[in-house]
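Trainee: Dropping the structure in here first, questions after.
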Amino acid sequence: MRIVISVVLVIVIFSCMACFAKSSVNGETINVTLKGLVCDFCARAIEKTFAKQADVEKVDVDLDSALLVVEMKPGKTMDDGTVARLVAEAGYEVESVRR
Amino acid sequence: MRTSIIAIFLMCAVCAPAWARPVSYAGGWTLATYNDGDSDSGIIHYSPKADRSLGIRAEYFREKDWLMTAGQFNALVKRWNEPGWQANAYVKSGAGWAYKCDGPPENRSELALFSGFAADWENRRYYISYENRLLYAGHIHRDIEQKARVGIAPYIGGYGDIHTWLMCEVRYFPGMKHDQFMVTPLVRFFKGAVMAEVGCSIKGDVLFNWVMFF
């Protein structure tokens with residue numbers, strides 16, 4: 001019984017460490033729901049605008065859900081105001097931001 | 001005739017408007033050619049911001065055999081962004097020179113001025129647009145033209161897919177004695193940064209438009 005508990009504890013500890021390490025390596029992920037995103041051109045405008053930012057690692061746009069997913073570089077973040085400003089610069093509007 | 005004009009204006013007013021976007025994203029360039037039964041034109045634009053663009057335009061009018069080269073400024077006056085749809089209102093103006101390809105040499109060139117309003121509404125399934133242009137080129141040419149479009153996407157594509165639109169364009173030339181209306185069914189293809197439109201008017205005039213964003 002003691003061995004089983006020890007093994008479970010080790011697995012839990014390693015899992016937590018792995019999760020922490022992953023989030024540190026991947027950086028923050030910001031999910032932005034957009035208004036007015038109806039075409040490839042809109043998606044391209046958003047993608048180009050965010051990809052130009054030095055702290056952004058990766059940008060994905062899903063037309064079906066009008067969702068912009070911004071993956072930041074490790075240790076970097078972007079506040080909601082900056083997200084809204086960049087979206088507005090591309091010509092669109094933010095409906096909601098989730099982190 | 002009056003009923004037809006009122007019908008067009010009502011359609012535009014109720015349904016709102018468009019044309020291939022005259023303004024790109026900040027730092028974006030637009031290269032386009034438009035060819036139809038009336039004219040052939042080439043345009044290159046730069047957008048310093050997402051609500052304006054500046055460029056040059058060359059347009060050859062086939063029937064009257066004259067050419068216009070001009071600088072053009074486009075401004076996005078208003079954009080409505082809503083979940084699932086978008087609408088835009090633009091003003092497009094320009095100034096340059098008109099050159100008549102035949103006639104007495106002393107009468108071949110004129111100052112050319114044009115200005116117009118364009119608007120569009122679209123979601124991922126439906127599209128509707130309206131555009132007008134007042135064009136003045138002294139004794140060479142002067143007229144006002146109106147254009148409206150409706151479109152439907154037969155399928156909804158994802159980002160990066162080939163998007164297809166089935167459209168119908170109606171152009172109205174009030175200054176012409178005959179053929180004031182030109183109706184052109186067309187197909188629009190859009191993939192990545194390139195858009196192409198192919199159509200044929202009910203009179204048999206071919207339409208081919210090509211736009212590239214970069």
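Following the order of the structure tokens, first chain is A, next is B, and so on, with residues numbered from 1 inside each chain and ligands from 1 in the order they appear.
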Mind listing as a ChimeraX atom specification which residues of chain B are within 9 Å of chain A, counting only C-alpha atoms?
Mentor: /B:24-26,28,49-51,79-87,122-124,156-161,163,190-193,213
Trainee: Can you write just those residues out, N, CA and C atoms, as a CSV table (one decimal), in the first residue's frame?
Mentor:
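The resulting file, again.csv, is reproduced below:
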```
chain,number,residue,atom,x,y,z
B,24,SER,N,-6.8,48.5,-47.6
B,24,SER,CA,-6.3,47.2,-47.1
B,24,SER,C,-6.0,47.4,-45.6
B,25,TYR,N,-5.3,46.4,-45.0
B,25,TYR,CA,-4.8,46.6,-43.6
B,25,TYR,C,-3.6,47.5,-43.6
B,26,ALA,N,-3.3,48.0,-42.4
B,26,ALA,CA,-2.2,49.0,-42.2
B,26,ALA,C,-0.9,48.4,-42.8
B,28,GLY,N,-0.5,47.5,-45.9
B,28,GLY,CA,-0.8,46.6,-47.0
B,28,GLY,C,-0.9,47.3,-48.3
B,49,LYS,N,-2.9,53.2,-43.1
B,49,LYS,CA,-3.7,52.8,-42.0
B,49,LYS,C,-4.9,52.0,-42.5
B,50,ALA,N,-5.6,51.3,-41.6
B,50,ALA,CA,-6.7,50.4,-42.1
B,50,ALA,C,-7.9,51.2,-42.6
B,51,ASP,N,-7.9,52.5,-42.5
B,51,ASP,CA,-9.1,53.3,-42.9
B,51,ASP,C,-8.8,54.2,-44.1
B,79,ARG,N,-17.1,51.8,-40.6
B,79,ARG,CA,-17.3,50.4,-40.6
B,79,ARG,C,-18.1,49.9,-39.4
B,80,TRP,N,-19.0,49.0,-39.7
B,80,TRP,CA,-19.8,48.4,-38.7
B,80,TRP,C,-19.3,47.0,-38.5
B,81,ASN,N,-18.8,46.7,-37.4
B,81,ASN,CA,-18.4,45.3,-37.1
B,81,ASN,C,-19.4,44.7,-36.1
B,82,GLU,N,-20.0,43.6,-36.4
B,82,GLU,CA,-20.9,42.9,-35.6
B,82,GLU,C,-20.6,41.4,-35.6
B,83,PRO,N,-21.1,40.7,-34.6
B,83,PRO,CA,-20.9,39.2,-34.7
B,83,PRO,C,-21.6,38.6,-35.9
B,84,GLY,N,-20.8,38.1,-36.8
B,84,GLY,CA,-21.3,37.4,-38.0
B,84,GLY,C,-21.5,38.3,-39.2
B,85,TRP,N,-21.4,39.6,-39.1
B,85,TRP,CA,-21.5,40.4,-40.3
B,85,TRP,C,-20.6,41.7,-40.2
B,86,GLN,N,-20.5,42.3,-41.3
B,86,GLN,CA,-19.7,43.6,-41.4
B,86,GLN,C,-20.2,44.4,-42.5
B,87,ALA,N,-20.2,45.7,-42.3
B,87,ALA,CA,-20.6,46.7,-43.3
B,87,ALA,C,-19.6,47.8,-43.4
B,122,GLU,N,-21.8,42.4,-45.7
B,122,GLU,CA,-21.6,41.0,-46.0
B,122,GLU,C,-21.5,40.1,-44.7
B,123,ASN,N,-22.0,38.9,-44.8
B,123,ASN,CA,-21.7,37.9,-43.8
B,123,ASN,C,-21.0,36.8,-44.6
B,124,ARG,N,-21.0,35.6,-44.0
B,124,ARG,CA,-20.2,34.6,-44.7
B,124,ARG,C,-21.1,33.9,-45.8
B,156,ILE,N,-19.6,27.4,-47.3
B,156,ILE,CA,-18.9,28.3,-46.4
B,156,ILE,C,-17.5,27.6,-46.2
B,157,GLY,N,-16.5,28.3,-46.7
B,157,GLY,CA,-15.1,27.8,-46.5
B,157,GLY,C,-14.4,28.3,-45.3
B,158,GLY,N,-13.4,27.6,-44.9
B,158,GLY,CA,-12.6,28.0,-43.7
B,158,GLY,C,-11.4,28.9,-44.2
B,159,TYR,N,-10.7,29.4,-43.2
B,159,TYR,CA,-9.6,30.3,-43.5
B,159,TYR,C,-8.5,29.6,-44.3
B,160,GLY,N,-8.2,30.1,-45.5
B,160,GLY,CA,-7.2,29.5,-46.4
B,160,GLY,C,-7.8,28.6,-47.5
B,161,ASP,N,-9.1,28.3,-47.4
B,161,ASP,CA,-9.8,27.6,-48.4
B,161,ASP,C,-10.0,28.5,-49.6
B,163,HIS,N,-12.6,30.3,-51.6
B,163,HIS,CA,-14.0,30.8,-51.3
B,163,HIS,C,-14.6,31.2,-52.6
B,190,PHE,N,-11.8,33.5,-54.2
B,190,PHE,CA,-10.9,34.2,-53.3
B,190,PHE,C,-10.1,33.1,-52.5
B,191,LYS,N,-8.8,33.2,-52.6
B,191,LYS,CA,-8.0,32.3,-51.9
B,191,LYS,C,-6.7,33.1,-51.4
B,192,GLY,N,-6.5,33.0,-50.1
B,192,GLY,CA,-5.3,33.7,-49.6
B,192,GLY,C,-5.4,35.1,-49.9
B,193,ALA,N,-4.4,35.6,-50.6
B,193,ALA,CA,-4.2,37.0,-50.9
B,193,ALA,C,-4.7,37.4,-52.3
B,213,PHE,N,-3.6,41.2,-52.7
B,213,PHE,CA,-3.3,42.0,-51.5
B,213,PHE,C,-1.9,41.5,-51.0
```
Trainee: Based on the backbone DSSP call, show me all residues of segment 31-204 of chain B assigned strand (DSSP E or B), as a CSV table (one decimal) with N, CA and C atoms, in the first residue's frame.
Mentor:
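Saved file result.csv follows:
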```csv
chain,number,residue,atom,x,y,z
B,31,LEU,N,-3.0,45.4,-55.4
B,31,LEU,CA,-2.7,45.5,-56.9
B,31,LEU,C,-3.9,44.9,-57.6
B,32,ALA,N,-4.5,45.7,-58.5
B,32,ALA,CA,-5.8,45.2,-59.1
B,32,ALA,C,-5.9,45.6,-60.6
B,33,THR,N,-6.6,44.7,-61.3
B,33,THR,CA,-7.0,45.1,-62.7
B,33,THR,C,-8.5,44.7,-62.8
B,34,TYR,N,-9.2,45.6,-63.5
B,34,TYR,CA,-10.6,45.5,-63.7
B,34,TYR,C,-10.9,45.6,-65.2
B,35,ASN,N,-11.6,44.6,-65.8
B,35,ASN,CA,-11.9,44.6,-67.2
B,35,ASN,C,-13.3,44.3,-67.4
B,39,SER,N,-14.6,49.4,-69.8
B,39,SER,CA,-13.3,49.9,-69.6
B,39,SER,C,-12.3,48.8,-69.1
B,40,ASP,N,-11.0,49.1,-69.2
B,40,ASP,CA,-10.0,48.3,-68.6
B,40,ASP,C,-9.2,49.2,-67.7
B,41,SER,N,-9.0,48.8,-66.4
B,41,SER,CA,-8.2,49.6,-65.5
B,41,SER,C,-7.2,48.8,-64.7
B,42,GLY,N,-6.2,49.5,-64.2
B,42,GLY,CA,-5.2,49.0,-63.4
B,42,GLY,C,-5.0,49.9,-62.2
B,43,ILE,N,-4.8,49.4,-61.0
B,43,ILE,CA,-4.7,50.2,-59.8
B,43,ILE,C,-3.6,49.6,-58.9
B,44,ILE,N,-2.8,50.5,-58.3
B,44,ILE,CA,-2.0,50.0,-57.2
B,44,ILE,C,-2.2,51.0,-56.0
B,45,HIS,N,-2.4,50.4,-54.8
B,45,HIS,CA,-2.7,51.3,-53.7
B,45,HIS,C,-1.8,50.8,-52.5
B,46,TYR,N,-1.5,51.8,-51.6
B,46,TYR,CA,-0.9,51.5,-50.4
B,46,TYR,C,-1.8,52.0,-49.2
B,47,SER,N,-2.0,51.2,-48.2
B,47,SER,CA,-2.8,51.7,-47.1
B,47,SER,C,-1.9,51.9,-45.9
B,48,PRO,N,-1.6,53.2,-45.5
B,48,PRO,CA,-0.8,53.5,-44.3
B,48,PRO,C,-1.6,53.1,-43.0
B,49,LYS,N,-2.9,53.2,-43.1
B,49,LYS,CA,-3.7,52.8,-42.0
B,49,LYS,C,-4.9,52.0,-42.5
B,52,ARG,N,-7.6,54.1,-44.8
B,52,ARG,CA,-7.4,54.9,-45.9
B,52,ARG,C,-6.3,54.3,-46.8
B,53,SER,N,-6.4,54.6,-48.1
B,53,SER,CA,-5.3,54.2,-49.0
B,53,SER,C,-5.1,55.2,-50.1
B,54,LEU,N,-3.9,55.2,-50.6
B,54,LEU,CA,-3.5,56.2,-51.6
B,54,LEU,C,-2.8,55.4,-52.7
B,55,GLY,N,-3.1,55.8,-54.0
B,55,GLY,CA,-2.5,55.0,-55.0
B,55,GLY,C,-2.7,55.7,-56.4
B,56,ILE,N,-2.4,55.0,-57.4
B,56,ILE,CA,-2.5,55.5,-58.8
B,56,ILE,C,-3.4,54.6,-59.6
B,57,ARG,N,-4.1,55.2,-60.6
B,57,ARG,CA,-5.0,54.5,-61.3
B,57,ARG,C,-4.8,54.8,-62.8
B,58,ALA,N,-4.9,53.8,-63.7
B,58,ALA,CA,-4.9,54.0,-65.1
B,58,ALA,C,-6.1,53.3,-65.7
B,59,GLU,N,-6.9,54.0,-66.5
B,59,GLU,CA,-8.2,53.4,-67.0
B,59,GLU,C,-8.4,53.8,-68.4
B,60,TYR,N,-8.6,52.8,-69.2
B,60,TYR,CA,-8.9,53.0,-70.7
B,60,TYR,C,-10.3,52.7,-71.0
B,61,PHE,N,-11.0,53.7,-71.6
B,61,PHE,CA,-12.4,53.6,-71.9
B,61,PHE,C,-12.5,53.2,-73.4
B,66,TRP,N,-10.4,56.7,-74.9
B,66,TRP,CA,-9.6,57.6,-74.1
B,66,TRP,C,-9.1,57.0,-72.9
B,67,LEU,N,-8.0,57.6,-72.4
B,67,LEU,CA,-7.3,57.0,-71.3
B,67,LEU,C,-7.2,58.0,-70.1
B,68,MET,N,-7.3,57.5,-68.9
B,68,MET,CA,-7.2,58.4,-67.7
B,68,MET,C,-6.1,57.9,-66.8
B,69,THR,N,-5.2,58.7,-66.4
B,69,THR,CA,-4.2,58.3,-65.4
B,69,THR,C,-4.4,59.3,-64.2
B,70,ALA,N,-4.5,58.8,-63.0
B,70,ALA,CA,-4.9,59.7,-61.9
B,70,ALA,C,-4.3,59.2,-60.6
B,71,GLY,N,-4.1,60.1,-59.6
B,71,GLY,CA,-3.9,59.7,-58.3
B,71,GLY,C,-5.2,59.5,-57.6
B,72,GLN,N,-5.3,58.5,-56.7
B,72,GLN,CA,-6.6,58.2,-56.1
B,72,GLN,C,-6.5,58.1,-54.6
B,73,PHE,N,-7.4,58.6,-53.8
B,73,PHE,CA,-7.4,58.5,-52.4
B,73,PHE,C,-8.7,57.9,-52.0
B,74,ASN,N,-8.6,56.8,-51.2
B,74,ASN,CA,-9.8,56.1,-50.7
B,74,ASN,C,-9.9,56.2,-49.2
B,75,ALA,N,-11.0,56.5,-48.6
B,75,ALA,CA,-11.2,56.6,-47.2
B,75,ALA,C,-12.4,55.7,-46.7
B,76,LEU,N,-12.1,55.0,-45.7
B,76,LEU,CA,-13.2,54.2,-45.1
B,76,LEU,C,-13.9,55.2,-44.1
B,77,VAL,N,-15.0,55.6,-44.5
B,77,VAL,CA,-15.8,56.6,-43.7
B,77,VAL,C,-16.3,55.9,-42.4
B,78,LYS,N,-16.8,54.7,-42.6
B,78,LYS,CA,-17.5,54.1,-41.4
B,78,LYS,C,-17.5,52.5,-41.6
B,79,ARG,N,-17.1,51.8,-40.6
B,79,ARG,CA,-17.3,50.4,-40.6
B,79,ARG,C,-18.1,49.9,-39.4
B,80,TRP,N,-19.0,49.0,-39.7
B,80,TRP,CA,-19.8,48.4,-38.7
B,80,TRP,C,-19.3,47.0,-38.5
B,81,ASN,N,-18.8,46.7,-37.4
B,81,ASN,CA,-18.4,45.3,-37.1
B,81,ASN,C,-19.4,44.7,-36.1
B,82,GLU,N,-20.0,43.6,-36.4
B,82,GLU,CA,-20.9,42.9,-35.6
B,82,GLU,C,-20.6,41.4,-35.6
B,85,TRP,N,-21.4,39.6,-39.1
B,85,TRP,CA,-21.5,40.4,-40.3
B,85,TRP,C,-20.6,41.7,-40.2
B,86,GLN,N,-20.5,42.3,-41.3
B,86,GLN,CA,-19.7,43.6,-41.4
B,86,GLN,C,-20.2,44.4,-42.5
B,87,ALA,N,-20.2,45.7,-42.3
B,87,ALA,CA,-20.6,46.7,-43.3
B,87,ALA,C,-19.6,47.8,-43.4
B,88,ASN,N,-19.4,48.4,-44.6
B,88,ASN,CA,-18.5,49.5,-44.8
B,88,ASN,C,-19.0,50.6,-45.7
B,89,ALA,N,-18.6,51.8,-45.4
B,89,ALA,CA,-18.9,52.9,-46.3
B,89,ALA,C,-17.6,53.6,-46.7
B,90,TYR,N,-17.4,53.8,-47.9
B,90,TYR,CA,-16.1,54.4,-48.4
B,90,TYR,C,-16.4,55.6,-49.3
B,91,VAL,N,-15.4,56.5,-49.3
B,91,VAL,CA,-15.4,57.6,-50.3
B,91,VAL,C,-14.1,57.4,-51.1
B,92,LYS,N,-14.3,57.5,-52.4
B,92,LYS,CA,-13.1,57.3,-53.3
B,92,LYS,C,-13.0,58.5,-54.3
B,93,SER,N,-11.9,59.2,-54.3
B,93,SER,CA,-11.8,60.4,-55.1
B,93,SER,C,-10.4,60.4,-55.8
B,94,GLY,N,-10.3,61.1,-56.9
B,94,GLY,CA,-9.0,61.2,-57.6
B,94,GLY,C,-8.9,62.3,-58.5
B,95,ALA,N,-7.7,62.6,-59.0
B,95,ALA,CA,-7.5,63.7,-59.9
B,95,ALA,C,-6.3,63.3,-60.8
B,96,GLY,N,-6.4,63.7,-62.1
B,96,GLY,CA,-5.3,63.3,-63.0
B,96,GLY,C,-5.5,63.9,-64.4
B,97,TRP,N,-5.1,63.2,-65.4
B,97,TRP,CA,-5.2,63.6,-66.7
B,97,TRP,C,-6.0,62.6,-67.6
B,98,ALA,N,-6.8,63.2,-68.5
B,98,ALA,CA,-7.5,62.4,-69.5
B,98,ALA,C,-6.8,62.6,-70.8
B,99,TYR,N,-6.7,61.6,-71.6
B,99,TYR,CA,-6.0,61.7,-72.9
B,99,TYR,C,-6.8,61.0,-73.9
B,100,LYS,N,-7.3,61.8,-74.9
B,100,LYS,CA,-8.1,61.2,-76.0
B,100,LYS,C,-7.1,60.6,-77.1
B,109,SER,N,-5.9,66.4,-74.5
B,109,SER,CA,-5.8,66.1,-73.1
B,109,SER,C,-6.6,67.1,-72.3
B,110,GLU,N,-7.0,66.6,-71.1
B,110,GLU,CA,-7.9,67.4,-70.2
B,110,GLU,C,-7.6,67.0,-68.8
B,111,LEU,N,-8.0,67.9,-67.9
B,111,LEU,CA,-7.9,67.5,-66.5
B,111,LEU,C,-9.0,66.5,-66.2
B,112,ALA,N,-8.7,65.5,-65.4
B,112,ALA,CA,-9.8,64.5,-65.1
B,112,ALA,C,-10.0,64.5,-63.5
B,113,LEU,N,-11.2,64.5,-63.2
B,113,LEU,CA,-11.6,64.5,-61.7
B,113,LEU,C,-12.7,63.4,-61.5
B,114,PHE,N,-12.6,62.7,-60.5
B,114,PHE,CA,-13.7,61.8,-60.2
B,114,PHE,C,-13.9,61.6,-58.7
B,115,SER,N,-15.1,61.3,-58.3
B,115,SER,CA,-15.4,61.1,-56.9
B,115,SER,C,-16.6,60.1,-56.8
B,116,GLY,N,-16.6,59.3,-55.8
B,116,GLY,CA,-17.7,58.4,-55.6
B,116,GLY,C,-17.9,57.9,-54.2
B,117,PHE,N,-19.0,57.2,-54.0
B,117,PHE,CA,-19.3,56.6,-52.7
B,117,PHE,C,-19.5,55.1,-52.9
B,118,ALA,N,-19.0,54.4,-52.0
B,118,ALA,CA,-19.2,52.9,-52.1
B,118,ALA,C,-19.6,52.4,-50.7
B,119,ALA,N,-20.3,51.3,-50.7
B,119,ALA,CA,-20.7,50.7,-49.5
B,119,ALA,C,-21.0,49.2,-49.7
B,120,ASP,N,-20.8,48.5,-48.6
B,120,ASP,CA,-21.1,47.0,-48.8
B,120,ASP,C,-21.5,46.4,-47.4
B,121,TRP,N,-22.2,45.3,-47.5
B,121,TRP,CA,-22.6,44.6,-46.3
B,121,TRP,C,-22.4,43.1,-46.7
B,122,GLU,N,-21.8,42.4,-45.7
B,122,GLU,CA,-21.6,41.0,-46.0
B,122,GLU,C,-21.5,40.1,-44.7
B,126,TYR,N,-24.0,35.8,-47.5
B,126,TYR,CA,-24.6,36.8,-48.4
B,126,TYR,C,-23.7,38.1,-48.5
B,127,TYR,N,-23.8,38.7,-49.7
B,127,TYR,CA,-23.0,39.9,-49.9
B,127,TYR,C,-23.9,40.9,-50.8
B,128,ILE,N,-23.8,42.1,-50.4
B,128,ILE,CA,-24.5,43.1,-51.3
B,128,ILE,C,-23.7,44.4,-51.3
B,129,SER,N,-23.7,45.1,-52.4
B,129,SER,CA,-22.9,46.3,-52.5
B,129,SER,C,-23.4,47.3,-53.4
B,130,TYR,N,-23.0,48.5,-53.2
B,130,TYR,CA,-23.4,49.6,-54.1
B,130,TYR,C,-22.2,50.6,-54.3
B,131,GLU,N,-22.1,51.1,-55.5
B,131,GLU,CA,-21.0,52.1,-55.7
B,131,GLU,C,-21.4,53.1,-56.8
B,132,ASN,N,-21.0,54.3,-56.7
B,132,ASN,CA,-21.3,55.3,-57.7
B,132,ASN,C,-20.0,56.1,-58.0
B,133,ARG,N,-19.9,56.7,-59.2
B,133,ARG,CA,-18.7,57.5,-59.5
B,133,ARG,C,-19.1,58.6,-60.4
B,134,LEU,N,-18.8,59.8,-60.0
B,134,LEU,CA,-19.0,61.0,-60.9
B,134,LEU,C,-17.6,61.3,-61.5
B,135,LEU,N,-17.6,61.3,-62.9
B,135,LEU,CA,-16.3,61.4,-63.6
B,135,LEU,C,-16.4,62.6,-64.5
B,136,TYR,N,-15.5,63.5,-64.4
B,136,TYR,CA,-15.4,64.7,-65.2
B,136,TYR,C,-14.1,64.8,-65.9
B,137,ALA,N,-14.1,64.8,-67.3
B,137,ALA,CA,-12.9,65.0,-68.0
B,137,ALA,C,-13.1,66.0,-69.2
B,141,HIS,N,-15.0,63.5,-71.7
B,141,HIS,CA,-16.0,62.6,-71.1
B,141,HIS,C,-16.5,63.2,-69.8
B,142,ARG,N,-17.8,63.1,-69.6
B,142,ARG,CA,-18.4,63.4,-68.3
B,142,ARG,C,-19.6,62.6,-68.1
B,143,ASP,N,-19.7,61.9,-66.9
B,143,ASP,CA,-20.8,61.1,-66.7
B,143,ASP,C,-20.9,60.6,-65.2
B,144,ILE,N,-22.0,60.0,-64.8
B,144,ILE,CA,-22.1,59.4,-63.5
B,144,ILE,C,-22.5,57.9,-63.8
B,145,GLU,N,-21.9,57.1,-63.0
B,145,GLU,CA,-22.1,55.7,-63.2
B,145,GLU,C,-22.5,55.1,-61.8
B,146,GLN,N,-23.4,54.1,-61.8
B,146,GLN,CA,-23.8,53.5,-60.6
B,146,GLN,C,-23.7,52.0,-60.8
B,147,LYS,N,-23.4,51.3,-59.7
B,147,LYS,CA,-23.2,49.9,-59.8
B,147,LYS,C,-23.7,49.2,-58.5
B,148,ALA,N,-24.4,48.1,-58.6
B,148,ALA,CA,-24.8,47.4,-57.4
B,148,ALA,C,-24.6,45.9,-57.6
B,149,ARG,N,-24.4,45.2,-56.6
B,149,ARG,CA,-24.1,43.8,-56.6
B,149,ARG,C,-24.9,43.0,-55.5
B,150,VAL,N,-25.3,41.8,-55.9
B,150,VAL,CA,-25.7,40.9,-54.8
B,150,VAL,C,-24.9,39.6,-55.0
B,151,GLY,N,-24.7,38.9,-53.9
B,151,GLY,CA,-23.9,37.6,-54.0
B,151,GLY,C,-24.3,36.6,-53.0
B,152,ILE,N,-24.1,35.4,-53.3
B,152,ILE,CA,-24.3,34.3,-52.3
B,152,ILE,C,-23.2,33.3,-52.4
B,163,HIS,N,-12.6,30.3,-51.6
B,163,HIS,CA,-14.0,30.8,-51.3
B,163,HIS,C,-14.6,31.2,-52.6
B,164,THR,N,-15.9,30.8,-52.8
B,164,THR,CA,-16.5,31.0,-54.1
B,164,THR,C,-17.8,31.8,-53.8
B,165,TRP,N,-18.0,32.8,-54.7
B,165,TRP,CA,-19.3,33.6,-54.6
B,165,TRP,C,-19.9,33.6,-56.0
B,166,LEU,N,-21.2,33.4,-56.0
B,166,LEU,CA,-22.0,33.6,-57.2
B,166,LEU,C,-22.7,35.0,-57.1
B,167,MET,N,-22.4,35.8,-58.1
B,167,MET,CA,-22.9,37.2,-57.9
B,167,MET,C,-23.6,37.7,-59.2
B,168,CYS,N,-24.3,38.8,-59.0
B,168,CYS,CA,-24.9,39.5,-60.2
B,168,CYS,C,-24.7,41.0,-60.0
B,169,GLU,N,-24.1,41.6,-61.0
B,169,GLU,CA,-23.8,43.0,-61.0
B,169,GLU,C,-24.7,43.7,-62.0
B,170,VAL,N,-25.3,44.8,-61.5
B,170,VAL,CA,-26.1,45.7,-62.4
B,170,VAL,C,-25.4,47.1,-62.4
B,171,ARG,N,-25.1,47.5,-63.6
B,171,ARG,CA,-24.5,48.9,-63.8
B,171,ARG,C,-25.5,49.7,-64.5
B,172,TYR,N,-25.5,51.0,-64.1
B,172,TYR,CA,-26.5,51.9,-64.7
B,172,TYR,C,-25.7,53.2,-65.1
B,181,PHE,N,-28.5,50.1,-68.9
B,181,PHE,CA,-28.3,49.0,-67.9
B,181,PHE,C,-27.4,47.9,-68.4
B,182,MET,N,-26.5,47.5,-67.6
B,182,MET,CA,-25.7,46.3,-68.0
B,182,MET,C,-25.7,45.3,-66.8
B,183,VAL,N,-26.2,44.2,-67.1
B,183,VAL,CA,-26.4,43.1,-66.1
B,183,VAL,C,-25.3,42.0,-66.4
B,184,THR,N,-24.6,41.7,-65.3
B,184,THR,CA,-23.5,40.8,-65.5
B,184,THR,C,-23.5,39.7,-64.4
B,185,PRO,N,-23.8,38.5,-64.7
B,185,PRO,CA,-23.6,37.4,-63.7
B,185,PRO,C,-22.1,37.1,-63.7
B,186,LEU,N,-21.6,36.8,-62.5
B,186,LEU,CA,-20.2,36.5,-62.4
B,186,LEU,C,-19.9,35.5,-61.2
B,187,VAL,N,-18.7,35.0,-61.3
B,187,VAL,CA,-18.3,34.1,-60.2
B,187,VAL,C,-17.0,34.7,-59.6
B,188,ARG,N,-17.0,34.8,-58.3
B,188,ARG,CA,-15.8,35.4,-57.6
B,188,ARG,C,-15.1,34.2,-56.8
B,189,PHE,N,-13.8,34.1,-57.0
B,189,PHE,CA,-13.0,33.2,-56.3
B,189,PHE,C,-12.0,34.0,-55.4
B,190,PHE,N,-11.8,33.5,-54.2
B,190,PHE,CA,-10.9,34.2,-53.3
B,190,PHE,C,-10.1,33.1,-52.5
B,191,LYS,N,-8.8,33.2,-52.6
B,191,LYS,CA,-8.0,32.3,-51.9
B,191,LYS,C,-6.7,33.1,-51.4
B,194,VAL,N,-5.3,36.5,-53.0
B,194,VAL,CA,-5.7,36.7,-54.4
B,194,VAL,C,-7.2,36.5,-54.6
B,195,MET,N,-7.8,37.5,-55.3
B,195,MET,CA,-9.2,37.4,-55.6
B,195,MET,C,-9.4,37.5,-57.2
B,196,ALA,N,-10.2,36.7,-57.8
B,196,ALA,CA,-10.4,36.8,-59.2
B,196,ALA,C,-11.9,36.7,-59.5
B,197,GLU,N,-12.4,37.5,-60.4
B,197,GLU,CA,-13.8,37.5,-60.8
B,197,GLU,C,-13.9,37.3,-62.3
B,198,VAL,N,-14.8,36.4,-62.7
B,198,VAL,CA,-15.0,36.1,-64.1
B,198,VAL,C,-16.5,36.1,-64.4
B,199,GLY,N,-16.9,36.8,-65.4
B,199,GLY,CA,-18.3,36.9,-65.7
B,199,GLY,C,-18.6,37.3,-67.1
B,200,CYS,N,-19.8,37.3,-67.5
B,200,CYS,CA,-20.2,37.7,-68.9
B,200,CYS,C,-21.6,38.4,-68.8
```
Trainee: Give me, please, the distance in Å between atom CA of Arg99 of chain A and atom CA of Glu28 of chain A, quoted to one decimal.
Mentor: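 Taking atom CA of Arg99 of chain A as the start and atom CA of Glu28 of chain A as the end point, the length is 7.6 Å.
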